[in-house]
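Peer 1: My structure is stored as entry.txt, with compact mmCIF, C-alpha atoms.
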# COMPACT_ATOMS: atom_id res chain seq x y z
CA PRO A 1 -80.53 24.80 -44.36
CA ARG A 2 -77.40 23.23 -45.84
CA THR A 3 -76.15 20.14 -44.04
CA GLY A 4 -72.90 18.21 -43.93
CA LEU A 5 -69.71 17.93 -41.92
CA SER A 6 -67.79 20.59 -43.86
CA ILE A 7 -70.69 23.05 -43.57
CA ALA A 8 -70.81 22.50 -39.81
CA ARG A 9 -67.08 22.91 -39.38
CA ASN A 10 -67.02 26.08 -41.46
CA ARG A 11 -69.84 27.47 -39.32
CA GLY A 12 -67.73 26.72 -36.26
CA ILE A 13 -64.79 28.58 -37.77
CA GLU A 14 -66.97 31.66 -38.16
CA CYS A 15 -67.56 31.59 -34.39
CA ILE A 16 -63.89 31.41 -33.33
CA ARG A 17 -62.98 33.84 -30.55
CA GLY A 18 -59.66 32.36 -29.38
CA GLN A 19 -56.37 31.78 -31.17
CA LEU A 20 -56.84 28.02 -31.64
CA VAL A 21 -59.70 25.90 -32.92
CA ALA A 22 -60.00 22.14 -32.38
CA PHE A 23 -62.32 19.61 -33.98
CA LEU A 24 -63.45 16.26 -32.60
CA ASP A 25 -65.77 13.55 -33.84
CA ASP A 26 -68.90 13.09 -31.76
CA ASP A 27 -67.98 9.48 -30.92
CA VAL A 28 -64.60 10.05 -29.28
CA LEU A 29 -63.62 10.15 -25.61
CA VAL A 30 -60.82 12.55 -24.70
CA ARG A 31 -58.12 11.97 -22.11
CA PRO A 32 -57.90 14.52 -19.28
CA ASN A 33 -54.80 16.29 -20.68
CA TRP A 34 -56.05 16.38 -24.28
CA LEU A 35 -56.55 20.16 -24.60
CA VAL A 36 -53.47 21.10 -22.56
CA SER A 37 -51.35 18.84 -24.75
CA ILE A 38 -52.61 20.53 -27.92
CA VAL A 39 -51.85 24.02 -26.60
CA ARG A 40 -48.37 23.01 -25.48
CA CYS A 41 -47.65 21.34 -28.80
CA PHE A 42 -48.61 24.49 -30.72
CA GLU A 43 -46.25 26.49 -28.51
CA ARG A 44 -43.45 23.94 -28.68
CA ARG A 45 -43.56 23.17 -32.40
CA GLN A 46 -44.75 26.49 -33.90
CA ALA A 47 -47.25 24.44 -35.87
CA ASP A 48 -50.17 25.71 -37.93
CA CYS A 49 -52.08 22.44 -37.72
CA ILE A 50 -51.89 19.56 -35.23
CA GLY A 51 -53.33 16.08 -35.37
CA GLY A 52 -53.53 14.08 -32.16
CA ARG A 53 -53.29 10.37 -31.55
CA THR A 54 -56.57 8.49 -32.10
CA LEU A 55 -56.88 5.03 -30.57
CA VAL A 56 -59.67 2.52 -31.13
CA LEU A 57 -62.17 1.67 -28.40
CA TRP A 58 -63.94 -1.42 -29.73
CA GLU A 59 -67.60 -1.66 -28.73
CA GLY A 60 -68.10 -5.28 -29.64
CA GLU A 61 -66.01 -8.00 -31.22
CA PRO A 62 -64.50 -6.89 -34.57
CA HIS A 63 -64.19 -9.25 -37.49
CA GLU A 64 -60.88 -11.11 -37.39
CA ALA A 65 -59.54 -9.27 -40.44
CA VAL A 66 -60.55 -5.89 -39.00
CA SER A 67 -58.81 -6.64 -35.72
CA CYS A 68 -55.63 -7.57 -37.62
CA CYS A 69 -55.78 -4.28 -39.58
CA GLU A 70 -56.55 -1.94 -36.69
CA THR A 71 -53.47 0.24 -37.29
CA GLU A 72 -54.08 0.61 -41.02
CA LEU A 73 -57.86 0.99 -41.00
CA ALA A 74 -59.18 2.26 -37.69
CA SER A 75 -56.60 4.25 -35.70
CA PHE A 76 -54.10 7.09 -36.11
CA ASP A 77 -51.12 6.26 -33.93
CA LEU A 78 -47.60 7.30 -34.96
CA GLY A 79 -45.99 6.53 -31.64
CA GLU A 80 -44.99 8.18 -28.39
CA GLU A 81 -43.03 11.13 -29.85
CA ASP A 82 -44.19 14.26 -31.67
CA LEU A 83 -43.55 14.13 -35.40
CA GLU A 84 -43.73 16.71 -38.19
CA LEU A 85 -45.99 15.41 -40.94
CA THR A 86 -44.57 15.93 -44.41
CA GLY A 87 -45.18 14.54 -47.88
CA ARG A 88 -48.45 12.61 -48.05
CA MET A 89 -48.75 12.16 -44.27
CA THR A 90 -51.83 13.94 -42.91
CA PRO A 91 -53.72 13.76 -39.61
CA ILE A 92 -57.36 12.69 -39.39
CA GLY A 93 -60.37 14.84 -38.62
CA ALA A 94 -61.42 12.97 -35.47
CA ASN A 95 -58.70 14.79 -33.49
CA LEU A 96 -57.53 17.90 -35.31
CA ALA A 97 -56.63 21.49 -34.38
CA PHE A 98 -55.57 24.69 -36.19
CA ARG A 99 -54.30 28.16 -35.47
CA ARG A 100 -56.98 30.77 -36.05
CA SER A 101 -54.63 32.60 -38.41
CA VAL A 102 -54.94 29.73 -40.92
CA PHE A 103 -58.50 30.86 -41.65
CA ALA A 104 -57.87 34.62 -41.74
CA ASP A 105 -57.72 34.73 -45.56
CA GLY A 106 -61.02 32.89 -45.98
CA THR A 107 -59.57 29.38 -46.07
CA ARG A 108 -62.29 26.85 -45.23
CA PHE A 109 -63.13 23.15 -45.50
CA ALA A 110 -64.20 22.20 -49.02
CA THR A 111 -67.97 21.82 -49.03
CA ASN A 112 -67.93 19.33 -51.93
CA LEU A 113 -66.17 16.91 -49.57
CA GLY A 114 -67.05 15.52 -46.14
CA ARG A 115 -69.84 13.43 -44.66
CA ILE A 116 -73.44 14.32 -45.49
CA GLY A 117 -75.86 12.04 -43.66
CA ASN A 118 -74.82 8.44 -44.33
CA LEU A 119 -72.83 9.36 -47.45
CA LEU A 120 -69.24 8.26 -46.76
CA LEU A 121 -67.66 11.02 -48.83
CA SER A 122 -64.60 12.23 -46.91
CA GLY A 123 -61.25 13.93 -47.45
CA GLU A 124 -62.23 17.47 -46.38
CA ASP A 125 -59.62 17.37 -43.61
CA THR A 126 -56.91 15.95 -45.87
CA GLU A 127 -57.63 18.48 -48.61
CA LEU A 128 -57.47 21.40 -46.17
CA VAL A 129 -54.23 20.19 -44.59
CA GLU A 130 -52.66 19.77 -48.04
CA ARG A 131 -53.61 23.35 -48.94
CA ILE A 132 -52.17 24.66 -45.68
CA ARG A 133 -48.92 22.81 -46.32
CA LYS A 134 -48.67 24.15 -49.88
CA GLN A 135 -48.96 27.66 -48.45
CA GLY A 136 -45.96 27.01 -46.21
CA GLY A 137 -47.82 25.88 -43.09
CA ARG A 138 -46.38 23.30 -40.71
CA VAL A 139 -48.32 20.21 -39.71
CA TRP A 140 -47.45 18.15 -36.63
CA TYR A 141 -48.54 14.94 -34.93
CA CYS A 142 -48.99 15.42 -31.17
CA ALA A 143 -48.41 12.15 -29.32
CA ASP A 144 -49.80 13.35 -25.98
CA SER A 145 -53.11 14.62 -27.37
CA VAL A 146 -54.99 11.32 -27.20
CA VAL A 147 -58.61 10.42 -27.84
CA GLY A 148 -60.36 7.07 -27.90
CA HIS A 149 -62.59 6.49 -30.92
CA ARG A 150 -65.66 4.45 -29.99
CA THR A 151 -66.02 1.89 -32.77
CA GLY A 152 -68.94 -0.51 -32.98
CA GLY A 153 -71.92 -1.47 -35.09
CA ASP A 154 -71.16 -1.95 -38.77
CA ARG A 155 -67.61 -0.70 -38.17
CA LEU A 156 -66.87 -4.10 -36.66
CA SER A 157 -67.35 -5.71 -40.08
CA ALA A 158 -64.87 -6.03 -42.92
CA SER A 159 -67.49 -4.85 -45.44
CA PHE A 160 -67.61 -1.40 -43.79
CA TYR A 161 -63.92 -0.77 -44.48
CA ILE A 162 -64.18 -2.01 -48.05
CA ARG A 163 -67.09 0.38 -48.57
CA ARG A 164 -65.28 3.24 -46.82
CA HIS A 165 -62.20 2.78 -49.02
CA HIS A 166 -64.44 2.97 -52.07
CA TRP A 167 -65.49 6.40 -50.84
CA PHE A 168 -61.88 7.29 -50.00
CA GLY A 169 -61.26 6.72 -53.71
CA VAL A 170 -64.20 8.92 -54.68
CA SER A 171 -62.94 11.63 -52.33
CA ARG A 172 -59.37 11.52 -53.66
CA SER A 173 -60.71 11.76 -57.21
CA VAL A 174 -62.71 14.88 -56.30
CA MET A 175 -59.65 16.40 -54.59
CA ASP A 176 -57.46 15.74 -57.63
CA ARG A 177 -60.01 17.34 -59.96
CA ARG A 178 -60.20 20.40 -57.72
CA SER A 179 -56.48 20.87 -57.08
CA ARG A 180 -54.78 19.50 -60.21
CA GLY A 181 -57.40 19.44 -62.93
CA PRO A 182 -59.15 16.75 -65.00
CA TRP A 183 -56.08 15.83 -67.07
CA PHE A 184 -54.16 14.81 -63.94
CA GLN A 185 -57.26 13.01 -62.68
CA TRP A 186 -57.52 10.95 -65.88
CA ALA A 187 -53.79 10.21 -65.93
CA ARG A 188 -53.86 9.00 -62.34
CA ALA A 189 -56.95 6.86 -62.92
CA ILE A 190 -55.44 5.15 -65.97
CA ALA A 191 -52.12 4.54 -64.21
CA ALA A 192 -53.86 3.13 -61.14
CA ALA A 193 -56.10 0.92 -63.28
CA GLY A 194 -52.99 -0.72 -64.67
CA LEU A 195 -50.87 -0.85 -61.53
CA CYS A 196 -53.32 -1.57 -58.72
CA PRO A 197 -54.70 -4.89 -60.05
CA LEU A 198 -51.17 -6.07 -60.93
CA THR A 199 -50.02 -5.55 -57.36
CA GLN A 200 -53.14 -6.17 -55.29
CA LEU A 201 -54.63 -9.22 -57.01
CA PRO A 202 -51.50 -11.34 -56.45
CA LYS A 203 -51.40 -10.13 -52.83
CA TRP A 204 -55.05 -11.10 -52.41
CA LEU A 205 -54.45 -14.53 -53.96
CA TRP A 206 -51.40 -15.21 -51.83
CA SER A 207 -53.21 -14.07 -48.69
CA LYS A 208 -56.11 -16.36 -49.55
CA VAL A 209 -53.78 -19.32 -50.02
CA ALA A 210 -51.96 -18.50 -46.78
CA ARG A 211 -55.30 -17.90 -44.99
CA ASN A 212 -54.15 -14.42 -44.05
CA PRO A 213 -57.29 -12.34 -43.36
CA ARG A 214 -55.26 -9.14 -42.90
CA GLY A 215 -53.72 -9.35 -46.37
CA GLN A 216 -57.04 -10.22 -47.99
CA LEU A 217 -58.84 -7.27 -46.45
CA LEU A 218 -56.10 -4.73 -47.23
CA SER A 219 -56.02 -5.87 -50.87
CA LEU A 220 -59.79 -5.68 -51.20
CA CYS A 221 -59.72 -2.19 -49.69
CA ALA A 222 -57.13 -1.09 -52.26
CA LEU A 223 -59.18 -2.51 -55.13
CA SER A 224 -62.32 -0.88 -53.78
CA LYS A 225 -60.53 2.46 -53.55
CA LEU A 226 -59.61 2.14 -57.23
CA THR A 227 -63.25 1.61 -58.23
CA GLY A 228 -64.14 4.64 -56.12
CA TYR A 229 -61.56 6.81 -57.88
CA TRP A 230 -63.08 5.94 -61.23
CA ARG A 231 -66.55 6.67 -59.88
CA GLY A 232 -65.36 10.13 -58.83
CA LEU A 233 -63.79 10.62 -62.25
CA LEU A 234 -66.94 9.80 -64.18
CA LEU A 235 -69.39 11.79 -62.01
CA ASN A 236 -69.38 15.50 -61.25
CA ASP A 237 -69.45 16.81 -57.68
CA ASN A 238 -73.21 17.42 -57.62
CA ALA A 239 -73.95 13.92 -58.89
CA ILE A 240 -71.65 12.39 -56.26
CA ALA A 241 -73.34 14.33 -53.46
CA CYS A 242 -76.70 12.90 -54.57
CA GLN A 243 -75.51 9.29 -54.62
CA PRO A 244 -77.44 6.93 -52.34
CA GLN A 245 -75.37 5.16 -49.70
CA ASN A 246 -77.21 2.23 -48.22
CA GLU A 247 -76.61 -1.40 -47.38
CA ALA A 248 -77.50 -2.53 -50.90
CA GLU A 249 -74.80 -0.29 -52.34
CA ALA A 250 -72.36 -1.42 -49.68
CA ALA A 251 -72.91 -5.01 -50.78
CA ALA A 252 -72.49 -4.00 -54.43
CA VAL A 253 -69.21 -2.23 -53.75
CA GLU A 254 -67.85 -5.18 -51.81
CA SER A 255 -69.04 -7.57 -54.49
CA GLU A 256 -67.29 -5.52 -57.19
CA ALA A 257 -63.95 -5.80 -55.43
CA VAL A 258 -64.41 -9.48 -54.60
CA SER A 259 -65.47 -10.28 -58.16
CA ALA A 260 -62.28 -8.75 -59.54
CA ALA A 261 -60.23 -10.93 -57.22
CA SER A 262 -62.36 -14.01 -57.93
CA ASP A 263 -61.95 -13.61 -61.71
CA GLN A 264 -58.21 -13.56 -61.28
CA SER A 265 -58.44 -16.65 -59.05
CA ALA A 266 -60.39 -18.52 -61.72
CA GLN A 267 -57.84 -17.61 -64.38
CA ALA A 268 -55.04 -18.83 -62.15
CA SER A 269 -56.91 -22.10 -61.59
CA MET A 270 -57.26 -22.74 -65.34
CA THR A 271 -53.55 -22.14 -65.89
CA GLY A 272 -52.49 -24.32 -62.99
CA GLY A 273 -51.60 -21.41 -60.73
CA PRO A 274 -52.52 -20.99 -57.07
CA VAL A 275 -56.15 -20.67 -56.05
Reformat the file's structure so that it appears as C-alpha cells.
Peer 2:
Amino acid sequence: PRTGLSIARNRGIECIRGQLVAFLDDDVLVRPNWLVSIVRCFERRQADCIGGRTLVLWEGEPHEAVSCCETELASFDLGEEDLELTGRMTPIGANLAFRRSVFADGTRFATNLGRIGNLLLSGEDTELVERIRKQGGRVWYCADSVVGHRTGGDRLSASFYIRRHHWFGVSRSVMDRRSRGPWFQWARAIAAAGLCPLTQLPKWLWSKVARNPRGQLLSLCALSKLTGYWRGLLLNDNAIACQPQNEAEAAAVESEAVSAASDQSAQASMTGGPV
C-alpha cells in the first residue's frame, strides 16, 4: 500500500459524506467550540477554505532561541479577529478545513509533497490552497477555531527547525517546478543564491555579536531553506521521496548552514569587521 500524509488525506476526501471536511494533526488538542467555530466561519465568510488558530503546547523546555521564535516557527496565530488570507498568506495543515465542492472536479493534495514516515517533505497544504485561490476560491483565517499543538521531543531543539526549513526549501522547489516550470525554478534559485546570503549572513553576524539567539536562529533557518531549494532543484521528485532523513542528515544540514555563516565570520575577522 502507498503511504504518506497526502495519500491519507486524499483517501479521507474520497469518504466525504457531508458538505465540509476538516483535517487535524494527530498531536493537537482541540478546544470545545472548535468544530462549531469552523462551521460558523464558513457560513459567515462564504469561504472555500479555512485555517484555524494553532497555538503551541510545549511538552518540555524549548531551547532559548526556539522559545524566542515561537510565533515565526511553531504557531499559526494571526490574532483575535477573522482575516481573509491573500497573497502568499496560507494556513497550515494542522488545523485546516474545506468545502466539499472544492474537491468535486478531482482536486486533491499533491502526492509528491507531504510527510512520508520521518521525511520532512511538506507543502502539500500550501500547494493545494494556492491552487484553490488561483481558481477564484476564498481562504480565511478563523480566530475562534483554536487547537493546541503538542510540541516536545526534538521539536524543542533549534536544530529541528533548521532541518525543517531545509525541507521547506525542498518543498517550495518541488511546488515551483510543478506549478511554474523548471525555468522559473532555476531563476528563483539563482536569485535567492545571490540575495539570501547578502541579507541573512549580516543578520546572523549582528545577532551573534548582540547575543540575540532569535536573530541567529531565524537567519540559519533562512540559509537552510536556501540549501533545501537547491536540493529540490537538482533532484527529481522520485529521488527526493527516497532521500534518507535521519539524525546524521539533520546534523549535516545544520552544519551546512552554520558553515556558511562561519566562513563569513572568518572573512569579517580578517578584514577587521565584526565577529
Peer 1: CA of Arg31 (chain A) to CA of His165 (chain A): how many Å, to one decimal?
Peer 2: 28.7 Å
Peer 1: Here is a test: counting all atoms listed in the file, which residue of A:Gly152, A:Gly106, A:Gly169, A:Gly136 is nearest to Leu57 (chain A)?
Peer 2: A:Gly152
Peer 1: So, counting only C-alpha atoms, which residue among A:Leu35, A:Asn118, A:Asp144, A:Ala110 is closest to Glu80 (chain A)?
Peer 2: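 Under the stated criterion, the closest residue is A:Asp144.
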Peer 1: Measuring atom to atom with all atoms listed in the file, identify which of A:Arg100, A:Met89, A:Asp48, A:Ala74 is nearest to Cys15 (chain A).
Peer 2: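 The closest residue to Cys15 (chain A) is A:Arg100.
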Peer 1: Using only C-alpha atoms, pick whichever of A:Trp58, A:Leu5, A:Gly12, A:Trp186 has the shortest atom-to-atom distance to Gly153 (chain A).
Peer 2: A:Trp58
Peer 1: Taking (-56.3, 11.5, -32.9) in the coordinates of the supplied file, I want to know which residues reach to within 9 Å of it, counting only C-alpha atoms; could you give the answer as a ChimeraX atom specification?
Peer 2: /A:24,51-55,75-77,91-96,141-143,145-149
Peer 1: If I take CA of Arg131 (chain A) and CA of Ile116 (chain A), how far is one from the other in Å, to one decimal?
Peer 2: 22.1 Å
Peer 1: Out of A:Arg177, A:Val102, A:Leu78, A:Arg150, which residue has the shortest atom-to-atom distance to Asn236 (chain A) when counting all atoms listed in the file?
Peer 2: A:Arg177
Peer 1: Just give me the gap between CA of Cys68 (chain A) and CA of Leu120 (chain A) in Å, one decimal is fine.
Peer 2: 22.8 Å
Peer 1: With distances taken over all atoms listed in the file, which residue among A:Ala65, A:Ala97, A:Ile132, A:Leu223 lies nearest Arg211 (chain A)?
Peer 2: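 Closest to Arg211 (chain A) of all the choices is A:Ala65.
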Peer 1: Find the spatial neighbours of Gly232 (chain A), counting all atoms listed in the file, within a cut-off of 9 Å - ignore same-chain residues fewer than 5 positions away - and output them as a PyMOL selection string.
Peer 2: chain A and resi 167+169-174+227+237+240
Peer 1: Padding 5 Å on every side, please: axis-aligned box over the listed atoms of region 97-108 of chain A, centre and edge lengths to one decimal in Å, as AutoDock Vina command-line options.
Peer 2:
--center_x -58.3 --center_y 28.1 --center_z -40.2 --size_x 18.0 --size_y 23.2 --size_z 21.7
Peer 1: Write out as a PyMOL selection string each polymer residue whose atoms come within 12 Å of Lys225 (chain A), counting only C-alpha atoms; drop sequence neighbours fewer than 2 positions from it.
Peer 2: chain A and resi 161-173+189+192-193+196-197+200+218-223+227-232+253-254+256-257
